[in-house]
file protein_2.pdb (PDB, C-alpha atoms)
ATOM      1  CA  MET A  21      13.360  -4.969 -21.318
ATOM      2  CA  SER A  22      10.922  -2.323 -20.227
ATOM      3  CA  ILE A  23       9.111  -0.111 -22.681
ATOM      4  CA  ASP A  24      10.108   3.528 -23.017
ATOM      5  CA  LEU A  25       7.278   5.438 -24.669
ATOM      6  CA  LYS A  26       9.234   8.668 -25.335
ATOM      7  CA  LEU A  27       9.810   7.812 -28.996
ATOM      8  CA  ASP A  28       6.136   6.868 -29.446
ATOM      9  CA  LEU A  29       4.968  10.122 -27.856
ATOM     10  CA  VAL A  30       7.221  12.243 -30.075
ATOM     11  CA  PHE A  31       6.250  10.219 -33.157
ATOM     12  CA  ALA A  32       2.543  10.711 -32.355
ATOM     13  CA  ARG A  33       3.046  14.478 -32.129
ATOM     14  CA  VAL A  34       5.047  14.584 -35.368
ATOM     15  CA  THR A  35       2.461  12.423 -37.144
ATOM     16  CA  ALA A  36      -0.281  14.823 -36.086
ATOM     17  CA  GLU A  37       1.736  17.722 -37.478
ATOM     18  CA  GLN A  38       2.618  16.023 -40.790
ATOM     19  CA  ILE A  39      -0.220  13.614 -41.614
ATOM     20  CA  ASP A  40      -2.019  16.076 -43.897
ATOM     21  CA  GLU A  41       1.091  16.685 -45.975
ATOM     22  CA  TYR A  42       1.896  12.958 -45.944
ATOM     23  CA  VAL A  43      -1.408  11.776 -47.413
ATOM     24  CA  HIS A  44      -1.124  14.373 -50.168
ATOM     25  CA  THR A  45       2.353  13.255 -51.312
ATOM     26  CA  GLU A  46       3.247  10.366 -53.594
ATOM     27  CA  VAL A  47       5.917   9.208 -51.131
ATOM     28  CA  LEU A  48       4.893   6.077 -49.253
ATOM     29  CA  TYR A  49       7.670   6.047 -46.622
ATOM     30  CA  TYR A  50       7.873   9.679 -45.523
ATOM     31  CA  PRO A  51      11.221  10.596 -43.955
ATOM     32  CA  ILE A  52      11.062  12.537 -40.696
ATOM     33  CA  GLY A  53      14.654  12.462 -39.480
ATOM     34  CA  ALA A  54      15.686  13.245 -35.920
ATOM     35  CA  VAL A  55      13.391  15.070 -33.508
ATOM     36  CA  SER A  56      14.362  15.986 -29.957
ATOM     37  CA  GLY A  57      17.565  13.989 -30.393
ATOM     38  CA  MET A  58      15.708  10.799 -31.382
ATOM     39  CA  GLN A  59      15.773   9.237 -34.832
ATOM     40  CA  MET A  60      12.156   8.886 -35.927
ATOM     41  CA  PRO A  61      10.850   6.042 -38.039
ATOM     42  CA  GLN A  62       9.525   6.992 -41.437
ATOM     43  CA  LEU A  63       5.935   8.173 -41.352
ATOM     44  CA  THR A  64       3.460   5.688 -42.768
ATOM     45  CA  ILE A  65      -0.100   4.867 -41.822
ATOM     46  CA  GLY A  66       1.055   1.465 -40.534
ATOM     47  CA  THR A  67       3.730   3.020 -38.334
ATOM     48  CA  TRP A  68       1.165   5.489 -36.985
ATOM     49  CA  LEU A  69      -1.294   2.637 -36.309
ATOM     50  CA  GLU A  70       1.311   0.599 -34.437
ATOM     51  CA  THR A  71       2.379   3.629 -32.397
ATOM     52  CA  ALA A  72      -1.232   4.549 -31.619
ATOM     53  CA  TRP A  73      -1.984   0.938 -30.639
ATOM     54  CA  ARG A  74       1.002   0.780 -28.282
ATOM     55  CA  LEU A  75       0.097   4.120 -26.664
ATOM     56  CA  LYS A  76      -3.482   2.909 -26.207
ATOM     57  CA  VAL A  77      -2.669  -0.440 -24.605
ATOM     58  CA  LEU A  78      -0.010   1.120 -22.378
ATOM     59  CA  ALA A  79      -2.057   4.208 -21.478
ATOM     60  CA  ALA A  80      -1.624   3.479 -17.764
ATOM     61  CA  MET A  81       2.062   4.391 -18.180
ATOM     62  CA  LEU A  82       1.186   7.896 -19.439
ATOM     63  CA  SER A  83       0.655  11.066 -17.451
ATOM     64  CA  ALA A  84      -2.561  13.034 -17.936
ATOM     65  CA  GLU A  85      -0.639  15.566 -20.035
ATOM     66  CA  GLN A  86       0.857  12.851 -22.231
ATOM     67  CA  GLN A  87      -2.551  11.218 -22.684
ATOM     68  CA  ALA A  88      -4.044  14.570 -23.725
ATOM     69  CA  ALA A  89      -1.300  14.926 -26.358
ATOM     70  CA  VAL A  90      -2.019  11.406 -27.646
ATOM     71  CA  ASP A  91      -5.752  12.173 -27.814
ATOM     72  CA  GLU A  92      -4.999  15.354 -29.783
ATOM     73  CA  ALA A  93      -2.804  13.395 -32.215
ATOM     74  CA  HIS A  94      -5.626  10.882 -32.754
ATOM     75  CA  ALA A  95      -8.079  13.725 -33.373
ATOM     76  CA  LYS A  96      -5.790  15.399 -35.942
ATOM     77  CA  VAL A  97      -5.213  12.142 -37.822
ATOM     78  CA  GLN A  98      -8.953  11.448 -37.794
ATOM     79  CA  ARG A  99      -9.730  14.943 -39.143
ATOM     80  CA  VAL A 100      -7.366  14.419 -42.073
ATOM     81  CA  ARG A 101      -8.764  10.950 -42.697
ATOM     82  CA  SER A 102     -12.314  12.305 -42.700
ATOM     83  CA  ARG A 103     -11.440  15.198 -44.997
ATOM     84  CA  VAL A 104      -9.606  13.090 -47.634
ATOM     85  CA  PRO A 105     -10.774   9.486 -47.119
ATOM     86  CA  GLU A 106      -9.798   8.261 -50.592
ATOM     87  CA  LEU A 107      -6.233   9.558 -50.323
ATOM     88  CA  TYR A 108      -5.914   7.911 -46.913
ATOM     89  CA  LYS A 109      -7.300   4.583 -48.173
ATOM     90  CA  GLN A 110      -5.076   4.589 -51.255
ATOM     91  CA  LYS A 111      -2.004   5.233 -49.117
ATOM     92  CA  ALA A 112      -2.977   2.479 -46.642
ATOM     93  CA  ARG A 113      -3.538  -0.015 -49.461
ATOM     94  CA  ARG A 114      -0.199   0.853 -51.096
ATOM     95  CA  GLU A 115       1.542   0.377 -47.778
ATOM     96  CA  PHE A 116      -0.192  -2.948 -47.167
ATOM     97  CA  LYS A 117       1.038  -4.238 -50.525
ATOM     98  CA  SER A 118       4.559  -2.922 -49.914
ATOM     99  CA  ARG A 119       4.775  -4.484 -46.449
ATOM    100  CA  LEU A 120       3.245  -7.723 -47.718
ATOM    101  CA  ASP A 121       5.921  -7.851 -50.424
ATOM    102  CA  THR A 122       8.613  -7.334 -47.770
ATOM    103  CA  TRP A 123       7.149 -10.048 -45.542
ATOM    104  CA  THR A 124       6.861 -12.440 -48.508
ATOM    105  CA  TRP A 125      10.490 -11.852 -49.563
ATOM    106  CA  TYR A 126      11.644 -12.463 -45.994
ATOM    107  CA  LEU A 127       9.701 -15.734 -45.806
ATOM    108  CA  ASP A 128      10.894 -16.808 -49.276
ATOM    109  CA  GLU A 129      14.515 -16.372 -48.224
ATOM    110  CA  LEU A 130      14.027 -17.875 -44.772
ATOM    111  CA  LEU A 131      11.993 -20.897 -45.828
ATOM    112  CA  ALA A 132      14.296 -21.717 -48.745
ATOM    113  CA  ARG A 133      16.982 -22.696 -46.227
ATOM    114  CA  GLU A 134      17.186 -26.123 -44.685
ATOM    115  CA  PRO A 135      15.703 -26.072 -41.169
ATOM    116  CA  THR A 136      19.079 -26.987 -39.652
ATOM    117  CA  ALA A 137      20.701 -24.079 -41.515
ATOM    118  CA  ILE A 138      18.431 -21.468 -39.965
ATOM    119  CA  PRO A 139      20.146 -19.675 -37.116
ATOM    120  CA  PRO A 140      18.011 -18.778 -34.126
ATOM    121  CA  GLU A 141      16.229 -15.698 -35.372
ATOM    122  CA  GLY A 142      16.206 -13.839 -32.067
ATOM    123  CA  GLN A 143      16.246 -10.074 -32.505
ATOM    124  CA  ALA A 144      16.072 -10.169 -36.315
ATOM    125  CA  TYR A 145      12.739 -12.000 -36.247
ATOM    126  CA  ALA A 146      11.421  -9.889 -33.351
ATOM    127  CA  THR A 147      12.179  -6.768 -35.380
ATOM    128  CA  LEU A 148      10.858  -7.993 -38.725
ATOM    129  CA  VAL A 149       7.660  -9.358 -37.248
ATOM    130  CA  HIS A 150       6.640  -5.704 -36.783
ATOM    131  CA  VAL A 151       5.956  -5.829 -40.538
ATOM    132  CA  ARG A 152       3.526  -8.700 -39.958
ATOM    133  CA  PHE A 153       1.846  -6.814 -37.100
ATOM    134  CA  LYS A 154       1.435  -3.683 -39.236
ATOM    135  CA  LEU A 155      -0.288  -5.847 -41.865
ATOM    136  CA  ASP A 156      -2.930  -6.786 -39.284
ATOM    137  CA  LEU A 157      -3.358  -3.162 -38.213
ATOM    138  CA  LEU A 158      -3.623  -1.889 -41.786
ATOM    139  CA  ASN A 159      -6.115  -4.604 -42.682
ATOM    140  CA  ALA A 160      -8.282  -3.699 -39.686
ATOM    141  CA  ASP A 161      -8.061   0.016 -40.498
ATOM    142  CA  VAL A 162      -8.779  -0.107 -44.245
ATOM    143  CA  ALA A 163     -10.307  -3.024 -46.144
ATOM    144  CA  GLN A 164      -7.616  -4.498 -48.356
ATOM    145  CA  MET A 165      -7.877  -6.047 -51.792
ATOM    146  CA  GLN A 166      -8.969  -9.688 -51.689
ATOM    147  CA  ASP A 167      -5.872 -10.985 -53.503
ATOM    148  CA  GLN A 168      -3.640  -9.304 -50.908
ATOM    149  CA  GLY A 169      -5.563 -10.983 -48.088
ATOM    150  CA  ILE A 170      -5.098 -14.344 -49.778
ATOM    151  CA  ARG A 171      -1.333 -13.714 -50.040
ATOM    152  CA  LEU A 172      -1.187 -12.908 -46.326
ATOM    153  CA  THR A 173      -3.070 -16.082 -45.423
ATOM    154  CA  THR A 174      -0.786 -18.126 -47.676
ATOM    155  CA  ASN A 175       2.286 -16.595 -46.033
ATOM    156  CA  ASP A 176       0.920 -17.389 -42.572
ATOM    157  CA  ARG A 177       0.440 -21.017 -43.583
ATOM    158  CA  ARG A 178       3.976 -21.152 -44.963
ATOM    159  CA  LEU A 179       5.449 -19.707 -41.767
ATOM    160  CA  HIS A 180       3.367 -22.022 -39.599
ATOM    161  CA  THR A 181       4.925 -25.096 -41.234
ATOM    162  CA  ARG A 182       8.350 -24.072 -39.900
ATOM    163  CA  PHE A 183       7.349 -22.340 -36.681
ATOM    164  CA  VAL A 184       8.524 -23.385 -33.241
ATOM    165  CA  ASN A 185       6.406 -22.215 -30.338
ATOM    166  CA  GLY A 186       8.352 -20.370 -27.694
ATOM    167  CA  PRO A 187       8.447 -17.261 -25.555
ATOM    168  CA  PHE A 188       6.809 -13.991 -26.547
ATOM    169  CA  VAL A 189       9.272 -12.074 -28.766
ATOM    170  CA  TRP A 190       8.428  -8.477 -27.796
ATOM    171  CA  GLU A 191       8.417  -6.550 -24.532
ATOM    172  CA  PRO A 192       6.509  -8.356 -21.764
ATOM    173  CA  GLU A 193       4.215  -5.358 -21.197
ATOM    174  CA  LEU A 194       2.647  -5.987 -24.621
ATOM    175  CA  GLN A 195       1.973  -9.696 -24.142
ATOM    176  CA  PRO A 196      -1.382  -9.360 -22.309
ATOM    177  CA  HIS A 197      -2.720  -7.401 -25.292
ATOM    178  CA  LEU A 198      -1.627  -9.900 -27.952
ATOM    179  CA  PRO A 199      -3.268 -13.296 -27.349
ATOM    180  CA  ALA A 200      -1.306 -16.296 -28.582
ATOM    181  CA  GLY A 201      -4.230 -17.711 -30.553
ATOM    182  CA  GLN A 202      -4.530 -14.680 -32.830
ATOM    183  CA  TYR A 203      -0.893 -13.566 -32.740
ATOM    184  CA  TRP A 204       0.764 -16.986 -32.694
ATOM    185  CA  TRP A 205       3.666 -15.639 -34.791
ATOM    186  CA  LEU A 206       4.756 -13.526 -31.801
ATOM    187  CA  TYR A 207       5.165 -16.625 -29.602
ATOM    188  CA  GLY A 208       8.261 -18.379 -30.908
ATOM    189  CA  HIS A 209      10.361 -18.265 -34.060
ATOM    190  CA  PRO A 210      10.884 -19.931 -37.438
ATOM    191  CA  ALA A 211      12.991 -23.088 -37.428
TER
END
call {"tool": "encode", "arguments": {"input": "protein_2.pdb", "output": "structure tokens"}}
result
Amino acid sequence: MSIDLKLDLVFARVTAEQIDEYVHTEVLYYPIGAVSGMQMPQLTIGTWLETAWRLKVLAAMLSAEQQAAVDEAHAKVQRVRSRVPELYKQKARREFKSRLDTWTWYLDELLAREPTAIPPEGQAYATLVHVRFKLDLLNADVAQMQDQGIRLTTNDRRLHTRFVNGPFVWEPELQPHLPAGQYWWLYGHPA
């Protein structure tokens, strides 16, 4: 499967337009709806960070015009972050906790099953592991509470006990940017 960055480019533009309003609302998962005929993910800092990361590591696939639009989106997000740093940090920490809860519930349900009862996770795991990736991005972007970091480490240990190494679960274009040592959970599946 080859990556199509159209959705990411539109999401980056929409994020730039709505980030100021987003950080000032109480809503954590900010609905965007459809834009240019594409259903957008909900706006969150983690979703922005993942989109921005993907556009950065795949910049060679972008035209000069597209790269200028991405740079402008980064600048707008940074301006809002600089203007209201506490609102931004609070939102990022709330999202980290919410996504950590989701990841924990997934692992609780998955690891409660007998290993032989676990179907090959395939696309379900590849999709849900985006939650785990956003946790890394959020943690790198805004320092998280110590107890949340401990929960993440504990969850990683739990997953590792039932993990089977295997092929990279996302698009091959991303693999060179996600080393197996650090992102081991992208190289295989739970068993």
call {"tool": "residues_around", "arguments": {"input": "protein_2.pdb", "residues": "Ala132 (chain A)", "least_positions_apart": "6", "cutoff": "12 Å", "atoms": "only C-alpha atoms", "output": "list in words"}}
result
Thr124, Trp125, Tyr126, Ile138, Arg178, Leu179, Arg182, Pro210 and Ala211 of chain A
call {"tool": "resolve_selection", "arguments": {"input": "protein_2.pdb", "expression": "the PyMOL selection byres ((chain A and resi 42-45) around 8)", "output": "VMD selection string"}}
result
chain A and resid 38 to 41 46 to 48 50 63 107 to 108 111
call {"tool": "resolve_selection", "arguments": {"input": "protein_2.pdb", "expression": "the PyMOL selection byres ((chain A and resi 172) around 12)", "output": "mmCIF file with C-alpha atoms, in the frame of the given file"}}
result
data_model
loop_
_atom_site.group_PDB
_atom_site.id
_atom_site.type_symbol
_atom_site.label_atom_id
_atom_site.label_comp_id
_atom_site.auth_asym_id
_atom_site.auth_seq_id
_atom_site.Cartn_x
_atom_site.Cartn_y
_atom_site.Cartn_z
ATOM 1 C CA PHE A 116 -0.192 -2.948 -47.167
ATOM 2 C CA LYS A 117 1.038 -4.238 -50.525
ATOM 3 C CA ARG A 119 4.775 -4.484 -46.449
ATOM 4 C CA LEU A 120 3.245 -7.723 -47.718
ATOM 5 C CA ASP A 121 5.921 -7.851 -50.424
ATOM 6 C CA THR A 122 8.613 -7.334 -47.770
ATOM 7 C CA TRP A 123 7.149 -10.048 -45.542
ATOM 8 C CA THR A 124 6.861 -12.440 -48.508
ATOM 9 C CA LEU A 127 9.701 -15.734 -45.806
ATOM 10 C CA VAL A 151 5.956 -5.829 -40.538
ATOM 11 C CA ARG A 152 3.526 -8.700 -39.958
ATOM 12 C CA PHE A 153 1.846 -6.814 -37.100
ATOM 13 C CA LYS A 154 1.435 -3.683 -39.236
ATOM 14 C CA LEU A 155 -0.288 -5.847 -41.865
ATOM 15 C CA ASP A 156 -2.930 -6.786 -39.284
ATOM 16 C CA ASN A 159 -6.115 -4.604 -42.682
ATOM 17 C CA GLN A 164 -7.616 -4.498 -48.356
ATOM 18 C CA MET A 165 -7.877 -6.047 -51.792
ATOM 19 C CA GLN A 166 -8.969 -9.688 -51.689
ATOM 20 C CA ASP A 167 -5.872 -10.985 -53.503
ATOM 21 C CA GLN A 168 -3.640 -9.304 -50.908
ATOM 22 C CA GLY A 169 -5.563 -10.983 -48.088
ATOM 23 C CA ILE A 170 -5.098 -14.344 -49.778
ATOM 24 C CA ARG A 171 -1.333 -13.714 -50.040
ATOM 25 C CA THR A 173 -3.070 -16.082 -45.423
ATOM 26 C CA THR A 174 -0.786 -18.126 -47.676
ATOM 27 C CA ASN A 175 2.286 -16.595 -46.033
ATOM 28 C CA ASP A 176 0.920 -17.389 -42.572
ATOM 29 C CA ARG A 177 0.440 -21.017 -43.583
ATOM 30 C CA ARG A 178 3.976 -21.152 -44.963
ATOM 31 C CA LEU A 179 5.449 -19.707 -41.767
#
call {"tool": "resolve_selection", "arguments": {"input": "protein_2.pdb", "expression": "the PyMOL selection byres ((chain A and resi 94-103) around 9)", "output": "list in words"}}
result
Ala32, Thr35, Ala36, Glu37, Ile39, Asp40, Val43, Ala72, Ala89, Val90, Asp91, Glu92, Ala93, Val104, Pro105, Glu106, Leu107, Tyr108 and Lys109 of chain A
call {"tool": "closest_residue", "arguments": {"input": "protein_2.pdb", "among": "A:Leu29, A:Ala200, A:Ala163, A:Leu206", "to": "Ser83 (chain A)", "atoms": "all atoms listed in the file"}}
result
A:Leu29
call {"tool": "residues_around", "arguments": {"input": "protein_2.pdb", "residues": "Ala54 (chain A)", "least_positions_apart": "4", "cutoff": "12 Å", "atoms": "all atoms listed in the file", "output": "ChimeraX atom specification"}}
result
/A:27,30-31,34,58-62
call {"tool": "residues_near_point", "arguments": {"input": "protein_2.pdb", "point": "(-2.5, -10.3, -32.8)", "cutoff": "12 Å", "atoms": "all atoms listed in the file", "output": "list of chain:residue names"}}
result
A:Glu70, A:Trp73, A:Val149, A:His150, A:Arg152, A:Phe153, A:Lys154, A:Leu155, A:Asp156, A:Leu157, A:Asn159, A:Ala160, A:Phe188, A:Leu194, A:Gln195, A:Pro196, A:His197, A:Leu198, A:Pro199, A:Ala200, A:Gly201, A:Gln202, A:Tyr203, A:Trp204, A:Trp205, A:Leu206, A:Tyr207
call {"tool": "closest_residue", "arguments": {"input": "protein_2.pdb", "among": "A:Ile23, A:Asp161, A:Gly53, A:Ala84", "to": "Trp190 (chain A)", "atoms": "all atoms listed in the file"}}
result
A:Ile23
call {"tool": "atom_distance", "arguments": {"input": "protein_2.pdb", "atom1": "CA of Pro192 (chain A)", "atom2": "CA of Thr147 (chain A)"}}
result
14.8 Å
call {"tool": "atom_distance", "arguments": {"input": "protein_2.pdb", "atom1": "CA of Lys26 (chain A)", "atom2": "CA of Leu148 (chain A)"}}
result
21.4 Å
